[in-house]
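Below: model.txt (compact mmCIF, C-alpha atoms)
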# COMPACT_ATOMS: atom_id res chain seq x y z
CA MET A 155 -6.90 -4.47 20.12
CA PRO A 156 -3.37 -4.17 18.72
CA LEU A 157 -2.52 -2.76 15.33
CA VAL A 158 0.28 -4.64 13.57
CA CYS A 159 2.25 -4.91 10.36
CA LEU A 160 3.77 -8.27 9.39
CA GLY A 161 5.85 -8.42 6.27
CA LEU A 162 9.04 -8.86 4.34
CA SER A 163 10.70 -6.44 1.95
CA HIS A 164 13.82 -5.73 -0.06
CA HIS A 165 15.46 -4.81 3.27
CA THR A 166 15.04 -8.33 4.69
CA ALA A 167 14.51 -10.77 1.81
CA PRO A 168 16.20 -11.31 -1.58
CA VAL A 169 14.11 -11.37 -4.72
CA ASP A 170 14.00 -15.18 -4.91
CA VAL A 171 12.22 -15.20 -1.53
CA ARG A 172 9.96 -12.23 -2.26
CA GLU A 173 8.75 -13.71 -5.54
CA ARG A 174 7.64 -16.93 -3.82
CA HIS A 175 5.39 -14.93 -1.55
CA ALA A 176 4.06 -12.37 -4.03
CA PHE A 177 0.30 -12.23 -4.48
CA PRO A 178 -0.83 -11.48 -8.04
CA ALA A 179 -3.41 -8.72 -8.30
CA SER A 180 -5.93 -11.18 -9.73
CA ARG A 181 -5.95 -13.13 -6.44
CA MET A 182 -5.77 -10.25 -3.98
CA ALA A 183 -9.51 -10.11 -3.29
CA GLU A 184 -9.60 -13.87 -2.74
CA ALA A 185 -6.65 -13.63 -0.37
CA LEU A 186 -8.21 -10.81 1.65
CA ILE A 187 -11.50 -12.66 1.98
CA ALA A 188 -9.62 -15.72 3.24
CA LEU A 189 -7.61 -13.59 5.68
CA ARG A 190 -10.75 -11.87 6.93
CA ASP A 191 -12.14 -15.23 8.02
CA TYR A 192 -9.36 -15.83 10.56
CA GLU A 193 -10.93 -15.43 13.99
CA ALA A 194 -8.36 -13.12 15.58
CA VAL A 195 -8.05 -10.82 12.56
CA ARG A 196 -10.59 -8.00 12.78
CA GLU A 197 -9.38 -5.95 9.79
CA ALA A 198 -6.64 -6.46 7.20
CA VAL A 199 -5.01 -4.77 4.22
CA MET A 200 -2.38 -6.48 2.07
CA LEU A 201 0.30 -4.46 0.28
CA SER A 202 2.10 -6.53 -2.36
CA THR A 203 4.67 -4.84 -4.64
CA CYS A 204 7.92 -5.79 -6.30
CA GLY A 205 9.73 -4.71 -3.15
CA ARG A 206 7.51 -5.93 -0.33
CA LEU A 207 4.67 -8.06 0.96
CA GLU A 208 3.07 -6.53 4.06
CA ILE A 209 -0.14 -7.22 5.93
CA TYR A 210 -1.54 -4.47 8.11
CA ALA A 211 -4.13 -5.72 10.56
CA GLU A 212 -6.06 -4.93 13.69
CA LEU A 213 -6.16 -8.02 15.85
CA GLU A 214 -8.34 -9.26 18.67
CA GLU A 215 -5.20 -10.43 20.45
CA TYR A 216 -1.57 -10.01 19.40
CA GLU A 217 -0.13 -13.52 19.79
CA ALA A 218 -3.08 -15.39 18.34
CA GLY A 219 -3.60 -12.87 15.55
CA SER A 220 0.07 -12.83 14.52
CA GLU A 221 0.18 -16.62 14.37
CA GLN A 222 -2.99 -16.70 12.29
CA ILE A 223 -1.54 -14.23 9.77
CA LYS A 224 1.61 -16.33 9.51
CA ALA A 225 -0.51 -19.45 9.06
CA PHE A 226 -2.43 -17.67 6.31
CA LEU A 227 0.81 -16.79 4.51
CA ARG A 228 1.99 -20.39 4.78
CA ASN A 229 -1.27 -21.99 3.73
CA PHE A 230 -3.22 -19.74 1.40
CA ARG A 231 -0.81 -19.84 -1.49
CA HIS A 232 2.55 -20.98 -0.22
CA GLY A 233 1.99 -24.26 1.57
CA ASN A 234 4.30 -26.08 -0.85
CA VAL A 235 7.09 -23.47 -0.77
CA ASP A 236 10.17 -24.80 0.95
CA VAL A 237 11.33 -21.49 2.44
CA ASP A 238 11.50 -20.53 6.10
CA MET A 239 9.51 -17.34 5.69
CA SER A 240 9.72 -16.40 9.37
CA SER A 241 13.46 -15.77 9.13
CA TYR A 242 12.82 -12.98 6.61
CA MET A 243 9.75 -11.43 8.25
CA TYR A 244 9.44 -8.45 10.54
CA THR A 245 6.62 -7.54 12.90
CA LEU A 246 5.83 -3.93 13.75
CA LEU A 247 3.36 -3.08 16.49
CA GLY A 248 1.30 0.01 17.16
CA ALA A 249 3.07 3.30 16.50
CA GLU A 250 5.91 1.51 14.68
CA ALA A 251 3.43 0.00 12.19
CA ILE A 252 1.78 3.37 11.61
CA GLU A 253 5.03 5.23 11.03
CA HIS A 254 6.29 2.44 8.78
CA LEU A 255 3.22 2.66 6.51
CA PHE A 256 3.69 6.42 6.24
CA ARG A 257 7.36 5.91 5.32
CA VAL A 258 6.24 3.46 2.65
CA ALA A 259 3.57 5.81 1.26
CA THR A 260 5.96 8.76 1.11
CA GLY A 261 8.63 6.71 -0.67
CA LEU A 262 11.24 6.77 2.11
CA ASP A 263 11.18 2.99 2.50
CA SER A 264 11.36 2.24 -1.23
CA MET A 265 14.28 0.53 -2.92
CA LEU A 266 14.70 3.80 -4.82
CA ILE A 267 13.99 6.72 -2.48
CA GLY A 268 10.90 8.64 -3.55
CA GLU A 269 9.77 5.98 -6.03
CA PRO A 270 6.67 7.57 -7.60
CA GLU A 271 4.72 4.33 -8.15
CA ILE A 272 4.45 3.35 -4.48
CA LEU A 273 1.69 5.80 -3.53
CA GLY A 274 -0.53 4.36 -6.26
CA GLN A 275 0.24 0.86 -4.99
CA VAL A 276 -0.76 1.85 -1.45
CA LYS A 277 -4.01 3.27 -2.83
CA ASP A 278 -4.62 0.07 -4.81
CA ALA A 279 -4.15 -2.00 -1.62
CA TYR A 280 -6.66 0.22 0.18
CA VAL A 281 -9.22 -0.09 -2.65
CA GLN A 282 -8.78 -3.88 -2.83
CA ALA A 283 -9.43 -4.16 0.92
CA GLN A 284 -12.55 -2.02 0.56
CA ARG A 285 -13.86 -4.30 -2.18
CA ALA A 286 -13.09 -7.42 -0.14
CA ARG A 287 -14.73 -5.86 2.93
CA SER A 288 -11.68 -6.59 5.03
CA LEU A 289 -11.39 -2.92 5.95
CA GLY A 290 -12.86 -1.46 9.15
CA LYS A 291 -12.71 1.96 10.78
CA THR A 292 -9.16 1.54 12.10
CA LEU A 293 -7.44 0.66 8.83
CA HIS A 294 -9.74 2.86 6.79
CA ALA A 295 -8.53 5.86 8.80
CA LEU A 296 -4.92 4.63 8.76
CA PHE A 297 -4.72 4.25 4.99
CA ARG A 298 -6.53 7.52 4.33
CA GLU A 299 -3.93 9.22 6.53
CA ALA A 300 -1.11 7.36 4.76
CA LEU A 301 -2.38 8.52 1.37
CA ALA A 302 -2.61 12.08 2.69
CA ALA A 303 0.97 11.86 3.97
CA GLY A 304 2.17 10.49 0.64
CA LYS A 305 0.41 13.23 -1.29
CA ALA A 306 1.80 15.92 1.03
CA ALA A 307 5.34 14.58 0.59
CA ARG A 308 4.99 14.72 -3.18
CA THR A 309 3.45 18.20 -3.33
CA GLN A 310 5.40 19.91 -0.54
CA THR A 311 8.87 18.43 -1.13
CA ARG A 312 11.05 17.26 -4.02
CA ILE A 313 11.17 13.66 -2.80
CA THR A 314 9.89 12.44 -6.18
CA GLY A 315 11.97 14.94 -8.16
CA GLN A 316 13.53 13.75 -11.40
CA SER A 317 12.29 10.65 -13.18
CA THR A 318 13.89 7.85 -11.22
CA SER A 319 11.74 4.74 -10.80
CA VAL A 320 12.35 1.00 -11.02
CA ALA A 321 11.66 1.14 -14.75
CA THR A 322 13.92 4.11 -15.41
CA ALA A 323 16.61 2.64 -13.17
CA ALA A 324 16.60 -0.40 -15.45
CA ILE A 325 17.28 1.94 -18.38
CA GLU A 326 20.10 3.60 -16.45
CA LEU A 327 21.63 0.18 -15.86
CA ALA A 328 21.46 -0.58 -19.59
CA LYS A 329 23.14 2.75 -20.36
CA ARG A 330 25.96 1.89 -17.98
CA GLN A 331 26.41 -1.35 -19.87
CA PHE A 332 26.35 0.11 -23.40
CA GLY A 333 27.16 3.80 -22.94
CA THR A 334 24.42 4.90 -25.37
CA LEU A 335 21.14 3.38 -26.48
CA VAL A 336 20.87 5.27 -29.76
CA GLU A 337 21.93 2.41 -32.01
CA LYS A 338 20.38 -0.37 -29.94
CA THR A 339 17.30 -2.51 -30.44
CA ILE A 340 15.43 -2.83 -27.17
CA LEU A 341 12.69 -5.34 -26.38
CA ILE A 342 10.20 -4.61 -23.59
CA VAL A 343 8.28 -7.66 -22.38
CA GLY A 344 5.10 -6.59 -20.64
CA ALA A 345 2.83 -3.64 -21.44
CA GLY A 346 1.77 -2.74 -17.91
CA LYS A 347 2.68 0.38 -15.96
CA MET A 348 6.39 -0.46 -15.66
CA GLY A 349 6.63 -1.44 -19.32
CA SER A 350 4.94 1.80 -20.34
CA LEU A 351 7.31 3.88 -18.18
CA ALA A 352 10.31 2.08 -19.62
CA ALA A 353 9.07 2.66 -23.17
CA LYS A 354 8.63 6.40 -22.59
CA ARG A 355 12.10 6.70 -21.09
CA LEU A 356 13.65 4.72 -23.94
CA ARG A 357 12.02 6.93 -26.53
CA SER A 358 13.45 10.00 -24.78
CA GLU A 359 16.87 8.32 -24.78
CA GLY A 360 16.64 8.05 -28.58
CA CYS A 361 16.84 4.27 -28.94
CA SER A 362 16.70 3.43 -32.64
CA ARG A 363 14.27 0.51 -32.44
CA LEU A 364 11.79 -0.37 -29.73
CA LEU A 365 9.88 -3.67 -29.63
CA ILE A 366 7.01 -4.23 -27.18
CA ALA A 367 5.76 -7.76 -26.52
CA ASN A 368 2.68 -8.56 -24.49
CA ARG A 369 0.19 -11.43 -24.31
CA SER A 370 -2.55 -8.94 -25.10
CA GLN A 371 -1.22 -7.31 -28.24
CA ASP A 372 -3.82 -4.55 -27.98
CA LYS A 373 -2.06 -3.19 -24.87
CA ALA A 374 1.27 -3.26 -26.67
CA ARG A 375 -0.27 -1.42 -29.63
CA ARG A 376 -1.69 1.25 -27.30
CA ILE A 377 1.81 2.05 -26.04
CA VAL A 378 3.11 2.19 -29.59
CA ASP A 379 0.25 4.49 -30.60
CA ASP A 380 0.78 6.76 -27.57
CA LEU A 381 4.51 7.06 -28.25
CA LYS A 382 4.11 7.18 -32.02
CA ALA A 383 7.13 4.90 -32.06
CA GLY A 384 8.03 1.23 -31.71
CA GLU A 385 6.55 -2.05 -32.87
CA ALA A 386 4.06 -4.35 -31.14
CA VAL A 387 5.24 -7.96 -31.07
CA GLU A 388 3.02 -11.02 -30.75
CA PHE A 389 4.05 -13.48 -28.04
CA PRO A 390 4.48 -16.35 -30.50
CA GLY A 391 7.19 -14.19 -32.12
CA LEU A 392 9.09 -13.70 -28.88
CA VAL A 393 12.10 -15.82 -29.95
CA ASP A 394 12.54 -13.78 -33.12
CA ALA A 395 12.30 -10.54 -31.13
CA LEU A 396 14.91 -11.84 -28.67
CA GLY A 397 17.14 -12.63 -31.63
CA GLU A 398 16.97 -9.02 -32.81
CA ALA A 399 17.30 -7.29 -29.43
CA ASP A 400 20.42 -5.96 -27.76
CA ILE A 401 18.65 -5.21 -24.49
CA VAL A 402 15.56 -6.78 -22.90
CA VAL A 403 13.57 -5.15 -20.08
CA THR A 404 10.87 -7.44 -18.72
CA SER A 405 8.07 -6.73 -16.26
CA THR A 406 4.91 -8.81 -16.51
CA GLY A 407 2.46 -10.02 -13.91
CA ALA A 408 3.07 -13.67 -14.74
CA THR A 409 3.51 -16.22 -11.98
CA HIS A 410 5.87 -18.33 -14.10
CA PHE A 411 9.01 -17.70 -16.15
CA ILE A 412 8.36 -15.95 -19.47
CA LEU A 413 11.98 -16.23 -20.64
CA GLY A 414 13.67 -19.56 -20.05
CA CYS A 415 16.71 -21.38 -21.31
CA GLU A 416 14.77 -22.84 -24.22
CA ASN A 417 13.50 -19.66 -25.90
CA VAL A 418 16.52 -17.53 -24.97
CA GLY A 419 18.84 -20.34 -26.10
CA LYS A 420 17.13 -20.52 -29.50
CA ALA A 421 17.43 -16.77 -29.90
CA MET A 422 21.12 -16.75 -28.97
CA ALA A 423 21.90 -19.58 -31.39
CA ALA A 424 20.93 -17.27 -34.25
CA ARG A 425 22.90 -14.22 -33.06
CA SER A 426 26.53 -15.08 -33.92
CA GLU A 427 27.78 -14.40 -30.37
CA ARG A 428 26.24 -10.94 -30.24
CA PRO A 429 25.68 -10.21 -26.50
CA LEU A 430 22.25 -9.86 -24.93
CA PHE A 431 21.63 -7.77 -21.80
CA VAL A 432 18.49 -8.71 -19.85
CA VAL A 433 17.03 -6.65 -16.99
CA ASP A 434 14.25 -8.44 -15.10
CA ILE A 435 12.30 -6.01 -12.91
CA ALA A 436 9.35 -8.31 -12.25
CA VAL A 437 8.44 -9.93 -8.93
CA PRO A 438 7.85 -12.84 -9.32
CA ARG A 439 10.71 -12.89 -11.80
CA ASP A 440 10.01 -13.27 -15.51
CA VAL A 441 13.39 -14.79 -16.36
CA ASP A 442 14.73 -18.16 -15.23
CA PRO A 443 18.01 -17.46 -13.36
CA ASP A 444 19.64 -20.29 -15.36
CA VAL A 445 19.41 -18.06 -18.45
CA ALA A 446 22.52 -16.31 -17.07
CA LYS A 447 24.49 -19.50 -17.83
CA ILE A 448 23.87 -19.15 -21.57
CA PRO A 449 27.01 -17.76 -23.27
CA ASN A 450 26.90 -14.02 -24.09
CA VAL A 451 23.81 -13.42 -21.92
CA THR A 452 24.01 -10.99 -19.01
CA LEU A 453 21.05 -11.17 -16.63
CA VAL A 454 20.30 -8.80 -13.74
CA ASP A 455 17.24 -8.75 -11.49
CA ILE A 456 15.49 -5.99 -9.55
CA ASP A 457 17.83 -6.22 -6.55
CA ALA A 458 20.72 -5.16 -8.79
CA LEU A 459 19.09 -1.75 -9.25
CA LYS A 460 19.67 -0.60 -5.67
CA GLY A 461 22.94 1.13 -6.37
CA VAL A 462 22.25 2.28 -9.90
CA VAL A 463 21.04 5.84 -9.46
CA GLU A 464 23.02 7.26 -6.55
CA ILE A 465 23.71 10.60 -8.26
CA THR A 466 20.14 11.25 -9.39
CA LEU A 467 18.83 10.39 -5.92
CA GLU A 468 21.06 12.88 -4.13
CA GLN A 469 18.52 15.68 -4.41
CA ARG A 470 15.85 13.40 -2.99
CA ARG A 471 17.99 12.58 0.04
CA GLU A 472 18.17 16.26 0.85
CA GLU A 473 14.37 16.21 1.14
CA ILE A 474 14.28 13.38 3.69
CA PRO A 475 14.16 15.65 6.79
CA LEU A 476 11.17 17.53 5.34
CA VAL A 477 9.39 14.28 4.54
CA GLU A 478 10.08 12.99 8.05
CA GLU A 479 8.41 16.11 9.44
CA ILE A 480 5.34 15.31 7.34
CA ILE A 481 5.41 11.72 8.57
CA ALA A 482 5.64 12.87 12.21
CA GLU A 483 2.69 15.23 11.73
CA HIS A 484 0.47 12.56 10.18
CA THR A 485 1.59 9.92 12.68
CA LYS A 486 0.55 12.18 15.56
CA ARG A 487 -2.74 13.03 13.90
CA TYR A 488 -3.61 9.39 13.39
CA GLY A 489 -2.33 8.46 16.85
CA ASP A 490 -4.58 11.06 18.46
CA TRP A 491 -7.56 9.71 16.54
CA TYR A 492 -6.68 6.11 17.43
CA GLN A 493 -6.31 6.85 21.14
CA SER A 494 -9.49 8.93 21.20
CA ARG A 495 -11.57 5.90 20.21
CA VAL A 496 -12.13 5.16 23.90
CA ALA A 497 -14.46 8.18 23.82
CA VAL A 498 -16.46 7.00 20.81
CA PRO A 499 -18.96 4.59 22.43
CA VAL A 500 -19.51 6.86 25.45
CA VAL A 501 -19.98 10.01 23.37
CA ALA A 502 -22.29 8.22 20.93
CA SER A 503 -24.39 6.70 23.70
CA LEU A 504 -24.54 9.94 25.70
CA VAL A 505 -25.62 12.00 22.68
CA GLN A 506 -28.14 9.35 21.67
CA LYS A 507 -29.71 9.29 25.14
CA ALA A 508 -29.81 13.08 25.38
CA GLU A 509 -31.39 13.34 21.95
CA ALA A 510 -34.02 10.72 22.81
CA ILE A 511 -34.97 12.66 25.95
CA ARG A 512 -35.08 15.95 24.03
CA GLU A 513 -37.26 14.54 21.26
CA GLY A 514 -39.66 12.94 23.74
CA GLU A 515 -40.10 16.14 25.74
CA ILE A 516 -40.51 18.29 22.65
CA GLU A 517 -43.20 15.96 21.30
CA ARG A 518 -45.10 16.11 24.62
CA LEU A 519 -44.85 19.90 24.64
CA TYR A 520 -46.22 20.15 21.09
CA ALA A 521 -49.05 17.80 22.04
CA ARG A 522 -50.04 20.05 24.95
CA CYS A 523 -49.70 23.22 22.86
CA PRO A 524 -51.35 22.44 19.50
CA ASP A 525 -51.82 26.13 18.66
CA LEU A 526 -48.10 26.85 18.29
CA THR A 527 -47.17 28.28 14.92
CA GLU A 528 -44.60 26.63 12.67
CA ARG A 529 -42.11 29.41 13.49
CA GLU A 530 -42.65 28.96 17.23
CA ARG A 531 -42.10 25.23 16.89
CA MET A 532 -38.84 25.84 14.96
CA LEU A 533 -37.62 28.27 17.65
CA ILE A 534 -38.40 25.81 20.45
CA THR A 535 -36.72 22.94 18.60
CA GLY A 536 -33.65 25.09 17.91
CA ALA A 537 -33.43 26.17 21.56
CA SER A 538 -33.66 22.56 22.75
CA LEU A 539 -30.86 21.50 20.40
CA THR A 540 -28.66 24.36 21.61
CA ILE A 541 -29.27 23.43 25.26
CA ILE A 542 -28.25 19.81 24.64
CA SER A 543 -25.18 20.84 22.64
CA LYS A 544 -23.94 23.31 25.26
CA LEU A 545 -24.66 20.94 28.12
CA LEU A 546 -22.67 18.08 26.55
CA HIS A 547 -19.90 20.13 24.96
CA SER A 548 -17.54 20.36 27.95
CA VAL A 549 -18.08 16.69 28.87
CA VAL A 550 -17.40 15.44 25.34
CA THR A 551 -14.41 17.74 24.85
CA ARG A 552 -12.84 16.70 28.17
CA LEU A 553 -13.32 13.01 27.44
CA ARG A 554 -11.75 13.31 23.98
CA GLN A 555 -8.79 15.29 25.33
CA GLN A 556 -8.21 12.73 28.07
CA ALA A 557 -8.42 9.92 25.54
CA THR A 558 -5.51 11.34 23.54
CA SER A 559 -3.33 12.25 26.53
CA ASN A 560 -4.04 9.72 29.30
CA ARG A 561 -5.77 6.49 28.40
CA VAL A 562 -6.18 5.28 31.99
CA GLU A 563 -7.87 8.49 33.14
CA ALA A 564 -10.00 8.50 29.99
CA LEU A 565 -11.25 4.99 30.71
CA THR A 566 -12.03 5.96 34.30
CA LEU A 567 -13.95 9.02 33.12
CA ALA A 568 -15.77 6.98 30.48
CA ARG A 569 -16.88 4.40 33.03
CA THR A 570 -17.97 7.13 35.44
CA LEU A 571 -20.11 8.76 32.74
CA GLU A 572 -21.54 5.41 31.79
CA GLU A 573 -22.59 4.78 35.40
CA LEU A 574 -23.91 8.30 36.11
CA PHE A 575 -26.00 8.48 32.95
CA ASP A 576 -26.92 4.76 32.94
CA LEU A 577 -25.65 4.39 29.38
CA ARG A 578 -25.44 0.60 29.47
CA ILE A 579 -22.42 0.30 27.19
CA ARG A 580 -21.10 -3.21 26.74
CA ALA A 581 -17.74 -3.75 28.43
CA GLU A 582 -16.10 -4.90 25.20
CA GLU A 583 -17.09 -1.62 23.53
CA LEU A 584 -14.99 0.34 26.00
CA THR A 585 -12.00 -1.99 26.13
CA GLY A 586 -12.26 -2.78 22.42
CA HIS A 587 -11.87 0.86 21.49
CA SER A 588 -9.07 1.66 23.88
CA ALA A 589 -6.01 -0.39 22.97
CA PRO A 590 -2.96 1.87 23.14
CA LEU A 591 -0.62 2.05 20.14
CA ASN A 592 2.30 0.60 22.08
CA GLU A 593 0.31 -2.31 23.49

Mind turning this structure into structure tokens?
Amino acid sequence: MPLVCLGLSHHTAPVDVRERHAFPASRMAEALIALRDYEAVREAVMLSTCGRLEIYAELEEYEAGSEQIKAFLRNFRHGNVDVDMSSYMYTLLGAEAIEHLFRVATGLDSMLIGEPEILGQVKDAYVQAQRARSLGKTLHALFREALAAGKAARTQTRITGQSTSVATAAIELAKRQFGTLVEKTILIVGAGKMGSLAAKRLRSEGCSRLLIANRSQDKARRIVDDLKAGEAVEFPGLVDALGEADIVVTSTGATHFILGCENVGKAMAARSERPLFVVDIAVPRDVDPDVAKIPNVTLVDIDALKGVVEITLEQRREEIPLVEEIIAEHTKRYGDWYQSRVAVPVVASLVQKAEAIREGEIERLYARCPDLTERERMLITGASLTIISKLLHSVVTRLRQQATSNRVEALTLARTLEELFDLRIRAEELTGHSAPLNE
């Protein structure tokens, strides 16, 4: 059964395409449950961030499974979207899919190399799949290994050194525009993780006035309380806040435009031609692109951040070879586990049969020798367990080694063992657990 990754990212699709295919967190469980019901999809995890939408899946059959995933993407939420999604998508199979996920988790595939938020997003995708029960042994092991690789990259290298993230890159872009933020009024729209990061960075930059607007004002107040700075703004007062701001950084989870020509136009009408700089780091976007047509408004979206922090990322680039070594190590470890699955049904069945025989014989012995003491019974039981373990050890070890080095020979050995020991393993158990990574 092939392991695949189908997706699109900032490498292949502009933000206006990515936003049309973004899945809000509130609908992720629903989406995974729907995806799980496709016949050829055995397991699935969906990773949806501002920079990518990727589905990792183990399929019954590659062609049918891939088409079903594409049909899901077209129909579940995007049936009315007039975009040829296939022209932006990539498909990675087997070892390529595994290595790609590890590059994502370690931050090497991020828009900003070493982006610290991505590992948490990978973990969130894994947890969501667990809750939706779309996760099986294959992807459970894959994502656990990816999280381990991401953690190793962050603790053993400086790939996440310095404080560059999408949110802080937005601040860097504003600084390039204005030179200094000390005398500026800055409005943050959205009090989620990105909004909180932006607020912390702005406070450290010494901005004179910080406004935080959010539909739930309690979340905005929490940021203000944590920073001991800024003002929480109610959403009905958004036009007034826009009128006061010099810079706007927006990142909400909304599926529609928060800032449009109407409310931004009203705010600009009261500003006496004072310019407004808007950085939209949300996907889907928070700001209607037509806002850029309003006089004295400069609007940039998340794709404009790619070249913002070249100098601060230089140290991270020096760490890439070390991170790639970590990726190679974890890719091999997972690959060995994946290939060794051909041994799983045979080993399990062999051990189960041996244990059943051992238990039966021990029970008969105890029935014939009722005068045995408790200690004597423990010694006999221990000896019988040791005999079984030593007898099976070389067989199990050889089968597992063959499974990781030579799949064809491992299958032959597995079938021989099945016949010799009359294990009665279903054919699909052997073939189902033996798909090579490059299949």

(message) List as a list in words the protein and nucleic acid residues near range 400-403 of chain A, meaning an atom at most 9 Å away when only C-alpha atoms are counted, but skip any in the same chain fewer than 5 places from it.
(response) Ala321, Ala324, Ile325, Ala328, Lys338, Thr339, Ile340, Leu341, Ile342, Val343, Gly344, Gly349, Ala352, Arg428, Pro429, Leu430, Phe431, Val432, Val433, Asp434 and Ile435 of chain A

(message) as a VMD selection string, please: the residues near Gly333 in chain A (cut-off 12 Å, all atoms listed in the file, same-chain neighbours under 6 positions excluded).
(response) chain A and resid 325 to 327 359 361

(request) Find the distance between CA of Thr452 in chain A and CA of Thr406 in chain A and write it in Å to one decimal. (result) 19.4 Å

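Residues in contact range of Arg190 in chain A, defined as at most 10 Å between all atoms listed in the file, with sequence neighbours fewer than 2 positions away removed, read Glu184, Ala185, Leu186, Ile187, Ala188, Tyr192, Glu193, Ala194, Val195, Arg196, Glu197, Ala198, Val199, Ala211, Ile223, Ala283, Ala286, Arg287, Ser288 and Leu289 of chain A.
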
(message) List as a VMD selection string the protein and nucleic acid residues near Asp278 in chain A, meaning an atom at most 10 Å away when all atoms listed in the file are counted, but skip any in the same chain fewer than 6 places from it.
(response) chain A and resid 179 200 to 202 272 284

Would you save the residues of that selection, restricted to C-alpha atoms, as a tab-separated table (two decimals), in the frame of the given file?
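What landed in again.tsv:
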chain	number	residue	atom	x	y	z
A	179	ALA	CA	-3.41	-8.72	-8.30
A	200	MET	CA	-2.38	-6.48	2.07
A	201	LEU	CA	0.30	-4.46	0.28
A	202	SER	CA	2.10	-6.53	-2.36
A	272	ILE	CA	4.45	3.35	-4.48
A	284	GLN	CA	-12.55	-2.02	0.56

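The residue that comes closest to His164 in chain A, out of A:Ala568, A:Val418, A:Val437, A:Ala367 and on the basis of all atoms listed in the file, is A:Val437.
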
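Neighbourhood of point (16.6, -0.6, -9.5): residues with an atom at most 9 Å away, counting all atoms listed in the file, are A:Met265, A:Leu266, A:Ser319, A:Val320, A:Ala321, A:Thr322, A:Ala323, A:Ala324, A:Glu326, A:Leu327, A:Ile435, A:Asp455, A:Ile456, A:Asp457, A:Ala458, A:Leu459, A:Lys460, A:Gly461, A:Val462, A:Val463.
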